[in-house]
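What follows is a short report on a single structure.
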Amino acid sequence: MVRTIIGRRVAAAVLAGVLVLVLQSSAAVAGGGGQFGPGAAGIGDVYFPLAGNGGYDVRHYDIHARYDPATDRMAARTIVRARATQSLSRFDLDFVGMHVSAVMVNGQPARWTRERAHELVISPARGIVEGRRFVVVIDYAGVPSTSGVPGIPGLKTGVVPTDDGAVIWGEPEVAADWFPVNDHPRDKASYAIHLTVPASLQAISNGRLVGTQTHGGWTTWSWREDSPMASYLAVAAIGRWDIRRRTGPWGIPILDAVDPRVGGAADHALGMQGRIIRFLAANFGRYPFRDLGAIVDHADLAYSALETQTRPLYDGRLFGGQHDEFVVVHELAHQWYGDNVSVNQWRDIWLNEGFATYSEWLWNQKLGFDSPQQISDDICSGIPATDPVWQIAPAAPGLANLFSGPVYFRGAQTLQALRHVVGKATFFRILRSWAIQHAGSTGSTSQFIALSERIAARQLDGLFHDWLYRHGRPLGCASTAAARTNNGGLSIAPPATRFLVARLGHRML
Ligand SMILES: [Zn+2]
């Protein structure tokens with residue numbers, strides 16, 4: 001808690017200082033009488049002060065990237081379509097690593113500089129008037145695997161070479177490693193992703209496969225995701241894939257790309273995707289996207305799995321055991337909570353992970369094993385109050401603990417505590433309302449609390465404070481922990497022990 005408050009003050013002070021300095025030097029009168037000024041270098045995230053930018057709203061990214069696994073070299077052009085939310089003398093895109101060779105704004109060459117390793121600062125030939133749409137074209141090339149976006153300390157994210165190609169994925173920051181971007185969930189956009197790879201390989205991404213074209217030994221794979229998407233959810237997976245298509249519930253096309261070396265190990269779990277989204281939709285409301293599927297790679301990935309929009313990416317080693325579909329439940333639950341409704345601040349990450357973990361608990365019960373209440377009770381009684389894990393507050397975990405166990409299991413316990421107090425019907429009404437009211441956008445912890453109080457028609461801030469912000473085991477544990485002492489252990493579908501694994505510090509996204 002202390003860390004968060006200090007971080008916010010420092011970030012705000014730094015940003016304010018930068019703004020004042022630049023405004024004084026470059027302010028000019030815009031056509032409408034307003035002032036042209038620079039867009040902010042950050043969108044205002046407490047944990048990631050340089051993530052995202054201010055002054056504009058991206059509507060669409062058109063990414064054309066050629067990648068050669070033999071050299072790890074990428075050459076690309078990205079077209080950014082945006083609207084100015086202030087009159088801009090200059091603006092930033094987030095971009096690390098690769099060499100920029102040209103920038104055009106509205107068809108005219110623009111000047112650019114690279115600042116603080118993370119910012120591509122673009123000065124258009126003419127200022128951009130507030131409210132106007134503008135188009136930025138950036139040409140660049142390099143070896144992106146040698147850079148790396150700032151993110152969670154110790155975790156390599158971004159463009160990660162594999163033995164047959166590369167995967168581009170990560171959380172919270174990955175996009176800036178391969179395209180210039182307003183890199184924060186608050187600025188969602190639609191995407192057209194064109195990946196050009198040697199003709200012997202295939203390239204998988206989000207949404208729908210629009211087509212492929214082969215010329216001179218290279219094949220371009222064109223994908224479209226029309227639903228608003230947070231930048232970290234844009235995925236590229238280049239390699240050899242067994243591509244399988246079928247039609248899922250409600251006519252939704254399912255496209256899975258499975259590394260042939262995974263063999264049939266993932267078949268059971270992937271075959272359950274339709275059943276799983278039916279189950280999740282029955283609890284959370286309509287499936288939010290037009291496409292569905294999976295990418296299963298045979299590679300040693302930093303994360304076990306990630307909820308890349310419409311097509312989560314899985315480490316093939318997750319599959320093959322009994323009830324291995326739990327990870328699919330988790331990542332598909334993120335399509336509602338994480339992808340369609342995204343975090344407003346990365347500090348709000350429990351709104352993604354707590355919900356996805358809770359979905360696993362619902363699935364656990366559906367299979368005839370312990371209920372969410374029983375699981376929550378057993379966590380309370382199974383982890384001593386003196387365990388330092390209770391010191392991490394899920395809604396203010398601190399940057400270093402962004403993906404720590406409590407964000408997952410205590411986040412899910414928070415939801416169960418809410419359900420226990422407001423009742424099942426009201427609880428699921430809250431979850432469905434959350435998915436509808438923030439669809440295609442973001443939500444914050446305070447907004448979730450306010451929505452819960454409104455729908456339940458009662459004050460709940462004490463409950464949320466206890467479960468989300470208290471440094472120490474929640475007081476709410478005491479009322480239930482005694483009720484279930486040693487009963488011979490949890491009744492969890494093996495190997496659905498993700499929350500216990502998470503407690504030990506492993507990252508399960
Ligand atoms: Zn997750």
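Ordered as shown in the structure tokens, chains take letters A, B, and onward, while each chain numbers its residues from 1 and ligands are numbered from 1 in the order shown.
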Please build the interface table for chain A against ligand 1 with a cut-off of 10 Å, listing for each qualifying residue the nearest atom pair and the distance in Å to one decimal; count only C-alpha atoms and all ligand atoms, order rows by chain and increasing number, and write it as JSON lines.
```
{"residue": "A:Ser304", "atom": "CA", "partner": "ligand 1", "partner_atom_place_in_ligand_line": "1 (Zn)", "distance": 9.8}
{"residue": "A:Ala305", "atom": "CA", "partner": "ligand 1", "partner_atom_place_in_ligand_line": "1 (Zn)", "distance": 7.9}
{"residue": "A:Leu306", "atom": "CA", "partner": "ligand 1", "partner_atom_place_in_ligand_line": "1 (Zn)", "distance": 6.7}
{"residue": "A:Glu307", "atom": "CA", "partner": "ligand 1", "partner_atom_place_in_ligand_line": "1 (Zn)", "distance": 6.8}
{"residue": "A:Val327", "atom": "CA", "partner": "ligand 1", "partner_atom_place_in_ligand_line": "1 (Zn)", "distance": 8.9}
{"residue": "A:Val329", "atom": "CA", "partner": "ligand 1", "partner_atom_place_in_ligand_line": "1 (Zn)", "distance": 9.9}
{"residue": "A:His330", "atom": "CA", "partner": "ligand 1", "partner_atom_place_in_ligand_line": "1 (Zn)", "distance": 6.2}
{"residue": "A:Glu331", "atom": "CA", "partner": "ligand 1", "partner_atom_place_in_ligand_line": "1 (Zn)", "distance": 6.1}
{"residue": "A:Leu332", "atom": "CA", "partner": "ligand 1", "partner_atom_place_in_ligand_line": "1 (Zn)", "distance": 9.3}
{"residue": "A:Ala333", "atom": "CA", "partner": "ligand 1", "partner_atom_place_in_ligand_line": "1 (Zn)", "distance": 8.5}
{"residue": "A:His334", "atom": "CA", "partner": "ligand 1", "partner_atom_place_in_ligand_line": "1 (Zn)", "distance": 6.6}
{"residue": "A:Tyr337", "atom": "CA", "partner": "ligand 1", "partner_atom_place_in_ligand_line": "1 (Zn)", "distance": 9.3}
{"residue": "A:Gly338", "atom": "CA", "partner": "ligand 1", "partner_atom_place_in_ligand_line": "1 (Zn)", "distance": 8.1}
{"residue": "A:Ile349", "atom": "CA", "partner": "ligand 1", "partner_atom_place_in_ligand_line": "1 (Zn)", "distance": 9.3}
{"residue": "A:Trp350", "atom": "CA", "partner": "ligand 1", "partner_atom_place_in_ligand_line": "1 (Zn)", "distance": 9.2}
{"residue": "A:Leu351", "atom": "CA", "partner": "ligand 1", "partner_atom_place_in_ligand_line": "1 (Zn)", "distance": 9.9}
{"residue": "A:Asn352", "atom": "CA", "partner": "ligand 1", "partner_atom_place_in_ligand_line": "1 (Zn)", "distance": 6.5}
{"residue": "A:Glu353", "atom": "CA", "partner": "ligand 1", "partner_atom_place_in_ligand_line": "1 (Zn)", "distance": 4.7}
{"residue": "A:Gly354", "atom": "CA", "partner": "ligand 1", "partner_atom_place_in_ligand_line": "1 (Zn)", "distance": 8.0}
{"residue": "A:Phe355", "atom": "CA", "partner": "ligand 1", "partner_atom_place_in_ligand_line": "1 (Zn)", "distance": 8.4}
{"residue": "A:Ala356", "atom": "CA", "partner": "ligand 1", "partner_atom_place_in_ligand_line": "1 (Zn)", "distance": 5.8}
{"residue": "A:Thr357", "atom": "CA", "partner": "ligand 1", "partner_atom_place_in_ligand_line": "1 (Zn)", "distance": 7.2}
{"residue": "A:Phe403", "atom": "CA", "partner": "ligand 1", "partner_atom_place_in_ligand_line": "1 (Zn)", "distance": 8.8}
{"residue": "A:Val407", "atom": "CA", "partner": "ligand 1", "partner_atom_place_in_ligand_line": "1 (Zn)", "distance": 9.8}
{"residue": "A:Tyr408", "atom": "CA", "partner": "ligand 1", "partner_atom_place_in_ligand_line": "1 (Zn)", "distance": 7.8}
{"residue": "A:Arg507", "atom": "CA", "partner": "ligand 1", "partner_atom_place_in_ligand_line": "1 (Zn)", "distance": 9.1}
{"residue": "A:Met508", "atom": "CA", "partner": "ligand 1", "partner_atom_place_in_ligand_line": "1 (Zn)", "distance": 6.2}
{"residue": "A:Leu509", "atom": "CA", "partner": "ligand 1", "partner_atom_place_in_ligand_line": "1 (Zn)", "distance": 3.7}
```
Test item: residues at most 12 Å from A:Arg458, only C-alpha atoms, excluding those fewer than 6 positions along its chain, as a ChimeraX atom specification: /A:418,421-422,426,449-452
Go ahead and dump the residues you just picked, N, CA and C atoms, as an mmCIF file, in the first residue's frame.
```cif
data_model
loop_
_atom_site.group_PDB
_atom_site.id
_atom_site.type_symbol
_atom_site.label_atom_id
_atom_site.label_comp_id
_atom_site.auth_asym_id
_atom_site.auth_seq_id
_atom_site.Cartn_x
_atom_site.Cartn_y
_atom_site.Cartn_z
ATOM 1 N N LEU A 418 -17.825 -12.296 -1.753
ATOM 2 C CA LEU A 418 -18.926 -11.457 -2.243
ATOM 3 C C LEU A 418 -20.177 -12.308 -2.480
ATOM 4 N N VAL A 421 -22.025 -13.290 0.625
ATOM 5 C CA VAL A 421 -22.785 -12.220 1.278
ATOM 6 C C VAL A 421 -24.022 -11.819 0.475
ATOM 7 N N VAL A 422 -23.882 -11.723 -0.839
ATOM 8 C CA VAL A 422 -25.005 -11.194 -1.641
ATOM 9 C C VAL A 422 -25.898 -12.290 -2.209
ATOM 10 N N THR A 426 -27.629 -12.702 -7.181
ATOM 11 C CA THR A 426 -27.108 -11.328 -7.241
ATOM 12 C C THR A 426 -25.653 -11.327 -7.680
ATOM 13 N N ILE A 449 -16.347 -2.396 -7.213
ATOM 14 C CA ILE A 449 -16.948 -2.297 -5.876
ATOM 15 C C ILE A 449 -18.255 -1.506 -5.958
ATOM 16 N N ALA A 450 -18.212 -0.394 -6.693
ATOM 17 C CA ALA A 450 -19.411 0.443 -6.808
ATOM 18 C C ALA A 450 -20.547 -0.314 -7.489
ATOM 19 N N LEU A 451 -20.214 -1.066 -8.539
ATOM 20 C CA LEU A 451 -21.241 -1.840 -9.242
ATOM 21 C C LEU A 451 -21.840 -2.900 -8.317
ATOM 22 N N SER A 452 -20.976 -3.570 -7.555
ATOM 23 C CA SER A 452 -21.451 -4.603 -6.636
ATOM 24 C C SER A 452 -22.393 -4.003 -5.600
#
```
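Using only C-alpha atoms, the shortest contact distance between A:Ser227 and any of A:Asp339, A:Asp139, A:Asp267, A:Asp259 is found at A:Asp339.
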Can I get the residues of stretch 384-464 of chain A within 10 Å of stretch 33-50 of chain A, each with the closest pair of atoms and their distance in Å to one decimal, using only C-alpha atoms, sorted chain first then ascending number, as JSON lines?
```
{"residue": "A:Gly398", "atom": "CA", "partner": "A:Tyr47", "partner_atom": "CA", "distance": 7.6}
{"residue": "A:Leu399", "atom": "CA", "partner": "A:Tyr47", "partner_atom": "CA", "distance": 6.0}
{"residue": "A:Ala400", "atom": "CA", "partner": "A:Tyr47", "partner_atom": "CA", "distance": 9.6}
{"residue": "A:Leu402", "atom": "CA", "partner": "A:Tyr47", "partner_atom": "CA", "distance": 9.4}
```
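Of the listed residues A:Trp178, A:Trp250, A:Tyr61, A:Phe448, the one whose atoms come nearest to A:Arg290 is A:Trp250, with distances taken using only C-alpha atoms.
The space separating atom CA of A:Asn344 from atom CA of A:Tyr314 comes to 25.3 Å.
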Could I get the residues of stretch 402-450 of chain A with an atom no further than 10 Å from an atom of stretch 184-187 of chain A, each paired with its nearest atom pair and that distance in Å to one decimal, using only C-alpha atoms, sorted by chain and residue number, as JSON lines?
```
{"residue": "A:Gly440", "atom": "CA", "partner": "A:Arg186", "partner_atom": "CA", "distance": 9.9}
{"residue": "A:Ser441", "atom": "CA", "partner": "A:Arg186", "partner_atom": "CA", "distance": 7.0}
{"residue": "A:Thr442", "atom": "CA", "partner": "A:Arg186", "partner_atom": "CA", "distance": 6.2}
{"residue": "A:Gly443", "atom": "CA", "partner": "A:Arg186", "partner_atom": "CA", "distance": 9.2}
```
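Near A:Val58, within a cut-off of 9 Å and counting only C-alpha atoms, sit the residues Val80, Arg81, Ala82, Arg83, Ala84, Val181, Asn182, Asp187, Lys188, Ala189 and Ser190 of chain A, with same-chain residues fewer than 5 positions away left out.
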Let's have the selection written as a compact mmCIF listing (two decimals), in the first residue's frame, with N, CA and C atoms.
```
# COMPACT_ATOMS: atom_id res chain seq x y z
N VAL A 80 -0.68 3.25 -38.11
CA VAL A 80 -1.48 3.54 -36.93
C VAL A 80 -2.54 4.58 -37.30
N ARG A 81 -3.79 4.22 -37.14
CA ARG A 81 -4.88 5.18 -37.39
C ARG A 81 -5.41 5.64 -36.04
N ALA A 82 -5.37 6.95 -35.83
CA ALA A 82 -5.70 7.47 -34.50
C ALA A 82 -6.52 8.75 -34.62
N ARG A 83 -7.03 9.19 -33.48
CA ARG A 83 -7.74 10.47 -33.40
C ARG A 83 -7.11 11.28 -32.27
N ALA A 84 -6.84 12.54 -32.55
CA ALA A 84 -6.22 13.39 -31.54
C ALA A 84 -7.24 13.76 -30.47
N VAL A 181 3.27 1.57 -30.73
CA VAL A 181 1.96 1.28 -30.15
C VAL A 181 1.67 2.21 -28.98
N ASN A 182 0.40 2.47 -28.77
CA ASN A 182 -0.01 3.10 -27.51
C ASN A 182 -0.24 1.94 -26.54
N ASP A 187 -6.12 1.98 -24.24
CA ASP A 187 -6.32 2.37 -25.63
C ASP A 187 -6.43 1.13 -26.50
N LYS A 188 -7.63 0.58 -26.55
CA LYS A 188 -7.85 -0.60 -27.39
C LYS A 188 -8.09 -0.18 -28.83
N ALA A 189 -7.86 -1.10 -29.74
CA ALA A 189 -8.06 -0.82 -31.16
C ALA A 189 -8.35 -2.12 -31.88
N SER A 190 -8.80 -2.00 -33.14
CA SER A 190 -8.89 -3.19 -33.99
C SER A 190 -7.53 -3.40 -34.66
```
